[in-house]
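Each remark here refers to the structure printed beneath this line.
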Amino acid sequence: MERYNYGMVGLGVMGRNLLYNIADNGFSIAGFDLDKEKVKELEEGATSEMKVKGTGTLEDFVSALETPRKIILMVPAGKPVDAVLESITPLLSSGDIVIDAGNSYFEDTNRRIADLASKNLHFMGMGVSGGEKGARTGPSIMPGGDVEAFHLLKPMLEAISAKVDQEACTAYMGKGSAGNYVKMVHNGIEYAIMQLISEAYDLLKRGAKLNNEQLYEVFRDWNNGDMNSFLIEITRDIFQQRDSLTDNYLVDQILDKAGAKGTGKWTSEQAMEIGVSIPTIDIAVTSRILSAYKDERIQASGLYSEKEITSPEDINIFIKEVGDALYLATLISYAQGLSLLVKASDEYHFEIPLKDVVKIWRGGCIIRSVLLEKFYSAYTRNPNLSNILLDKEISVIVKEKVNSLRKTAAFAALNGISSLGIQTALGYFDAYTTESLPVNLIQAQRDYFGAHTYQRIDREGVFHTSWESTNN
Ligand code: 6PG
């Protein structure tokens, strides 16, 4: 009986597209799904060159695979992954490999690695980014954990991933659940960039009174320049999309309440947990939460006088400044996310290669942008860079754009245009670049009311003072 090189469990759009991508690259692959319709559609959608087989039972699926079996799971994170593992592990042989390609939480992966290892099975957490199109044509792939298993998978992963300068957008992300952690932080940065783009849109629309055709032209020009990125590119296209149900542009018909599947929230929770400041990512997560309070926002907007927006004197200068502000706030968001990876790598002994992370984010993933090339150069100059803002060449770019960030933040604040992402990016930058922060006063307050002690600038040690109240 012919044996297949790979197996895919989960034939939804992501699973099916990744399976076809693997088949397109000359590997034979069997697919399984509980939904018999999806299994039927799989072979119908395959080309004659592909060696693809749909299987209706796990037994047939497992017996169709060559050993050691290499099985990719593309099922929703959480209980569905555990359910599949419970059903499939009894059918597997020692040395088989299960790769979870969903957005699983890293601690779940840690548990699964240990559980399968006790059964002489390999389990890997592997982030896959690029959406449905990326899965089919070339995603950015973030595998981590079992090095032996990684080397078995490497030829296939390099074949199916996106390419930049003929280099595959995949690399070993580090030990244990590092692959999931890197993907989680990718999504946190994604949230921040999407928030910042939405704020730039609001400033141009309400501040400069641009219509959708003009917004399309601005984002087209930005995407043709140093702000080239996937998210800028799709935003350009969104402003051209007509609504099939009305004569309006579709973007104007969409309700302003944002959803989220959770990976951004996990990033914020983790940063708090291990003590890393990522305020622009945090604000992107909480801005989606605030957007859900639509009824209260309608009530509140009726209560507070509508701020008259003072249009900028020179629209073209304003557009340039908003663009520079968006560029720099985006760079600062990457800096925050990457600094979390640096600390997490140390905290969890992942040994994450930051240089390879930014290298494989250059293509295929949702946050791919020309900025990643600059970060790749920065980590090549110093692989142990704790924050990309400390790189000399990056600092030159920052200094060129920071005045526009300040002016844009000021315009938004003075005109009552909410710009939480832009404001926190600027605030983070100013705090991170301030040698003496006013937290000496916080230490004094903590010691005054709670005797929590403080350190001094002029000598070693820990001190406490019985603070004299001057009003008695
Ligand atoms: C990717 C995306 C993807 C993510 C969706 C939904 O890298 O391809 O990040 O993994 O799940 O974008 O994310 P939210 O629902 O959390 O916005």
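Following the order of the structure tokens, first chain is A, next is B, and so on, with residues numbered from 1 inside each chain and ligands from 1 in the order they appear.
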
Leaving out Lys265 in chain A and any residue of its chain fewer than 2 positions from it, which residues lie within 12 Å of it when counting only C-alpha atoms, given as JSON, numbers by chain? {"A": [105, 184, 185, 187, 188, 189, 190, 191, 192, 259, 260, 261, 262, 263, 267, 268, 269, 270, 271, 272, 278, 281, 282, 283, 284, 285, 286, 287, 288, 289]}

Excluding same-chain residues fewer than 2 positions from Ser418 in chain A, what lies within 12 Å of it counting only C-alpha atoms, as a PDB file with C-alpha atoms, in the first residue's frame?
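The resulting result-v8.pdb:
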ATOM      1  CA  GLN A 195      -4.661  49.812  15.780  1.00  0.00           C
ATOM      2  CA  LEU A 196      -2.141  52.408  14.570  1.00  0.00           C
ATOM      3  CA  SER A 198      -6.915  52.655  12.132  1.00  0.00           C
ATOM      4  CA  GLU A 199      -5.846  55.810  13.998  1.00  0.00           C
ATOM      5  CA  ALA A 200      -4.022  57.169  10.939  1.00  0.00           C
ATOM      6  CA  TYR A 201      -7.192  56.476   8.917  1.00  0.00           C
ATOM      7  CA  ASP A 202      -9.270  58.408  11.479  1.00  0.00           C
ATOM      8  CA  LEU A 203      -6.875  61.367  11.475  1.00  0.00           C
ATOM      9  CA  ARG A 206     -11.853  63.299  10.227  1.00  0.00           C
ATOM     10  CA  GLY A 207      -8.801  65.548  10.594  1.00  0.00           C
ATOM     11  CA  ILE A 283      -3.629  49.542  24.197  1.00  0.00           C
ATOM     12  CA  SER A 287      -9.052  49.400  22.297  1.00  0.00           C
ATOM     13  CA  LEU A 290     -13.547  49.515  24.372  1.00  0.00           C
ATOM     14  CA  SER A 291     -14.974  49.375  20.830  1.00  0.00           C
ATOM     15  CA  LYS A 307     -15.125  68.786  19.620  1.00  0.00           C
ATOM     16  CA  THR A 408       0.434  64.171  15.126  1.00  0.00           C
ATOM     17  CA  ALA A 409      -0.163  63.168  18.759  1.00  0.00           C
ATOM     18  CA  ALA A 410      -0.704  66.837  19.629  1.00  0.00           C
ATOM     19  CA  PHE A 411      -3.136  67.387  16.721  1.00  0.00           C
ATOM     20  CA  ALA A 412      -5.145  64.319  17.758  1.00  0.00           C
ATOM     21  CA  ALA A 413      -5.224  65.381  21.412  1.00  0.00           C
ATOM     22  CA  LEU A 414      -6.209  68.998  20.671  1.00  0.00           C
ATOM     23  CA  ASN A 415      -8.984  67.892  18.302  1.00  0.00           C
ATOM     24  CA  GLY A 416     -10.438  65.089  20.407  1.00  0.00           C
ATOM     25  CA  LEU A 420      -4.392  55.696  22.002  1.00  0.00           C
ATOM     26  CA  GLY A 421      -1.818  53.753  19.992  1.00  0.00           C
ATOM     27  CA  ILE A 422       0.015  56.839  18.741  1.00  0.00           C
ATOM     28  CA  GLN A 423      -0.013  58.403  22.217  1.00  0.00           C
ATOM     29  CA  THR A 424       1.327  55.282  23.963  1.00  0.00           C
TER      30      THR A 424
END

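For the set A:Lys51, A:Lys163, A:Arg368, A:Lys320, the residue with the smallest atom-to-atom gap to ligand 1 is A:Arg368, counting only C-alpha atoms and all ligand atoms.
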
Exercise: Leu91 in chain A partners within 8 Å, only C-alpha atoms, chain neighbours under 4 positions left out, as number ranges by chain:
A: 59, 62, 87

- Query: Which residues in range 157-283 of chain A does DSSP call alpha helix (DSSP H)? List them as a ChimeraX atom specification.
  - Reply: /A:157-160,178-202,212-223,230-238,263-274,279-283

- So which residues touch Asp256 in chain A within 10 Å, counting only C-alpha atoms, skipping near sequence neighbours fewer than 4 positions away, as a VMD selection string? chain A and resid 251 to 252 288 291 to 294

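Among A:Val396, A:Ala135, A:Leu92, A:Ile442, the residue with the shortest atom-to-atom distance to ligand 1, counting only C-alpha atoms and all ligand atoms, is A:Ala135.
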
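Comparing A:Ile298, A:Leu245, A:Ala77, A:Ala23 by their smallest distance to ligand 1, the closest is A:Ala77 (using only C-alpha atoms and all ligand atoms).
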
- prompt: So which residues of range 98-290 of chain A fall under strand (DSSP E) by DSSP, listed as a ChimeraX atom specification?
  reply: /A:98-100,122-129,140-143,163-164,167-168

Any chance you can output those residues with N, CA, C and O atoms as a PDB file, in the first residue's frame?
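The resulting file, out_10.pdb, is shown below:
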ATOM      1  N   VAL A  98       3.999  14.752  15.953  1.00  0.00           N
ATOM      2  CA  VAL A  98       2.762  15.518  15.792  1.00  0.00           C
ATOM      3  C   VAL A  98       3.128  16.995  15.894  1.00  0.00           C
ATOM      4  O   VAL A  98       3.802  17.414  16.840  1.00  0.00           O
ATOM      5  N   ILE A  99       2.696  17.760  14.876  1.00  0.00           N
ATOM      6  CA  ILE A  99       3.018  19.197  14.840  1.00  0.00           C
ATOM      7  C   ILE A  99       1.726  19.994  14.929  1.00  0.00           C
ATOM      8  O   ILE A  99       0.852  19.861  14.058  1.00  0.00           O
ATOM      9  N   ASP A 100       1.597  20.819  15.957  1.00  0.00           N
ATOM     10  CA  ASP A 100       0.403  21.652  16.120  1.00  0.00           C
ATOM     11  C   ASP A 100       0.659  22.982  15.419  1.00  0.00           C
ATOM     12  O   ASP A 100       1.492  23.776  15.874  1.00  0.00           O
ATOM     13  N   HIS A 122       7.039  12.588  19.480  1.00  0.00           N
ATOM     14  CA  HIS A 122       7.502  13.980  19.432  1.00  0.00           C
ATOM     15  C   HIS A 122       6.298  14.892  19.236  1.00  0.00           C
ATOM     16  O   HIS A 122       5.418  14.589  18.406  1.00  0.00           O
ATOM     17  N   PHE A 123       6.247  16.023  19.981  1.00  0.00           N
ATOM     18  CA  PHE A 123       5.194  17.021  19.777  1.00  0.00           C
ATOM     19  C   PHE A 123       5.860  18.370  19.588  1.00  0.00           C
ATOM     20  O   PHE A 123       6.761  18.742  20.348  1.00  0.00           O
ATOM     21  N   MET A 124       5.409  19.102  18.546  1.00  0.00           N
ATOM     22  CA  MET A 124       5.992  20.425  18.259  1.00  0.00           C
ATOM     23  C   MET A 124       4.900  21.474  18.151  1.00  0.00           C
ATOM     24  O   MET A 124       3.842  21.216  17.575  1.00  0.00           O
ATOM     25  N   GLY A 125       5.175  22.659  18.686  1.00  0.00           N
ATOM     26  CA  GLY A 125       4.292  23.822  18.475  1.00  0.00           C
ATOM     27  C   GLY A 125       4.894  24.622  17.329  1.00  0.00           C
ATOM     28  O   GLY A 125       6.093  24.925  17.348  1.00  0.00           O
ATOM     29  N   MET A 126       4.077  24.942  16.321  1.00  0.00           N
ATOM     30  CA  MET A 126       4.599  25.629  15.133  1.00  0.00           C
ATOM     31  C   MET A 126       3.649  26.756  14.730  1.00  0.00           C
ATOM     32  O   MET A 126       2.512  26.500  14.310  1.00  0.00           O
ATOM     33  N   GLY A 127       4.113  28.004  14.875  1.00  0.00           N
ATOM     34  CA  GLY A 127       3.283  29.129  14.432  1.00  0.00           C
ATOM     35  C   GLY A 127       3.282  29.200  12.914  1.00  0.00           C
ATOM     36  O   GLY A 127       4.312  28.974  12.291  1.00  0.00           O
ATOM     37  N   VAL A 128       2.122  29.486  12.355  1.00  0.00           N
ATOM     38  CA  VAL A 128       2.001  29.663  10.897  1.00  0.00           C
ATOM     39  C   VAL A 128       1.285  30.988  10.670  1.00  0.00           C
ATOM     40  O   VAL A 128       0.193  31.194  11.206  1.00  0.00           O
ATOM     41  N   SER A 129       1.904  31.888   9.928  1.00  0.00           N
ATOM     42  CA  SER A 129       1.289  33.196   9.719  1.00  0.00           C
ATOM     43  C   SER A 129       1.204  33.528   8.239  1.00  0.00           C
ATOM     44  O   SER A 129       2.122  33.263   7.475  1.00  0.00           O
ATOM     45  N   SER A 140       4.828  32.433   6.626  1.00  0.00           N
ATOM     46  CA  SER A 140       6.015  32.477   7.489  1.00  0.00           C
ATOM     47  C   SER A 140       5.758  31.407   8.551  1.00  0.00           C
ATOM     48  O   SER A 140       4.685  31.347   9.130  1.00  0.00           O
ATOM     49  N   ILE A 141       6.758  30.533   8.755  1.00  0.00           N
ATOM     50  CA  ILE A 141       6.527  29.366   9.611  1.00  0.00           C
ATOM     51  C   ILE A 141       7.496  29.368  10.785  1.00  0.00           C
ATOM     52  O   ILE A 141       8.716  29.500  10.597  1.00  0.00           O
ATOM     53  N   MET A 142       6.942  29.248  12.005  1.00  0.00           N
ATOM     54  CA  MET A 142       7.722  29.411  13.236  1.00  0.00           C
ATOM     55  C   MET A 142       7.710  28.120  14.065  1.00  0.00           C
ATOM     56  O   MET A 142       7.001  28.003  15.037  1.00  0.00           O
ATOM     57  N   PRO A 143       8.515  27.116  13.660  1.00  0.00           N
ATOM     58  CA  PRO A 143       8.580  25.857  14.411  1.00  0.00           C
ATOM     59  C   PRO A 143       9.516  25.975  15.611  1.00  0.00           C
ATOM     60  O   PRO A 143      10.514  26.690  15.565  1.00  0.00           O
ATOM     61  N   LYS A 163       9.387  33.102   0.487  1.00  0.00           N
ATOM     62  CA  LYS A 163      10.834  33.292   0.232  1.00  0.00           C
ATOM     63  C   LYS A 163      11.108  34.793   0.153  1.00  0.00           C
ATOM     64  O   LYS A 163      10.345  35.546  -0.456  1.00  0.00           O
ATOM     65  N   VAL A 164      12.222  35.216   0.732  1.00  0.00           N
ATOM     66  CA  VAL A 164      12.698  36.597   0.579  1.00  0.00           C
ATOM     67  C   VAL A 164      14.179  36.503   0.233  1.00  0.00           C
ATOM     68  O   VAL A 164      14.932  35.835   0.953  1.00  0.00           O
ATOM     69  N   GLU A 167      15.576  33.181   0.273  1.00  0.00           N
ATOM     70  CA  GLU A 167      15.713  32.517   1.585  1.00  0.00           C
ATOM     71  C   GLU A 167      14.332  32.178   2.151  1.00  0.00           C
ATOM     72  O   GLU A 167      13.422  33.010   2.101  1.00  0.00           O
ATOM     73  N   ALA A 168      14.208  30.991   2.693  1.00  0.00           N
ATOM     74  CA  ALA A 168      12.917  30.524   3.217  1.00  0.00           C
ATOM     75  C   ALA A 168      12.555  31.304   4.478  1.00  0.00           C
ATOM     76  O   ALA A 168      13.404  31.601   5.320  1.00  0.00           O
TER      77      ALA A 168
END

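Nearest residue to Phe449 in chain A, choosing from A:Thr465, A:Tyr334, A:Met227, A:Ile360 and counting only C-alpha atoms: A:Thr465.
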
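For the pair CA of Ser386 in chain A and CA of Ser339 in chain A, the separation is 6.1 Å.
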
### Query
Which residues come within 6 Å of range 4-21 of chain A, counting only C-alpha atoms, excluding same-chain residues fewer than 3 positions away, as a PyMOL selection string?
chain A and resi 24+28-33+65-66+70-75+132+135-136
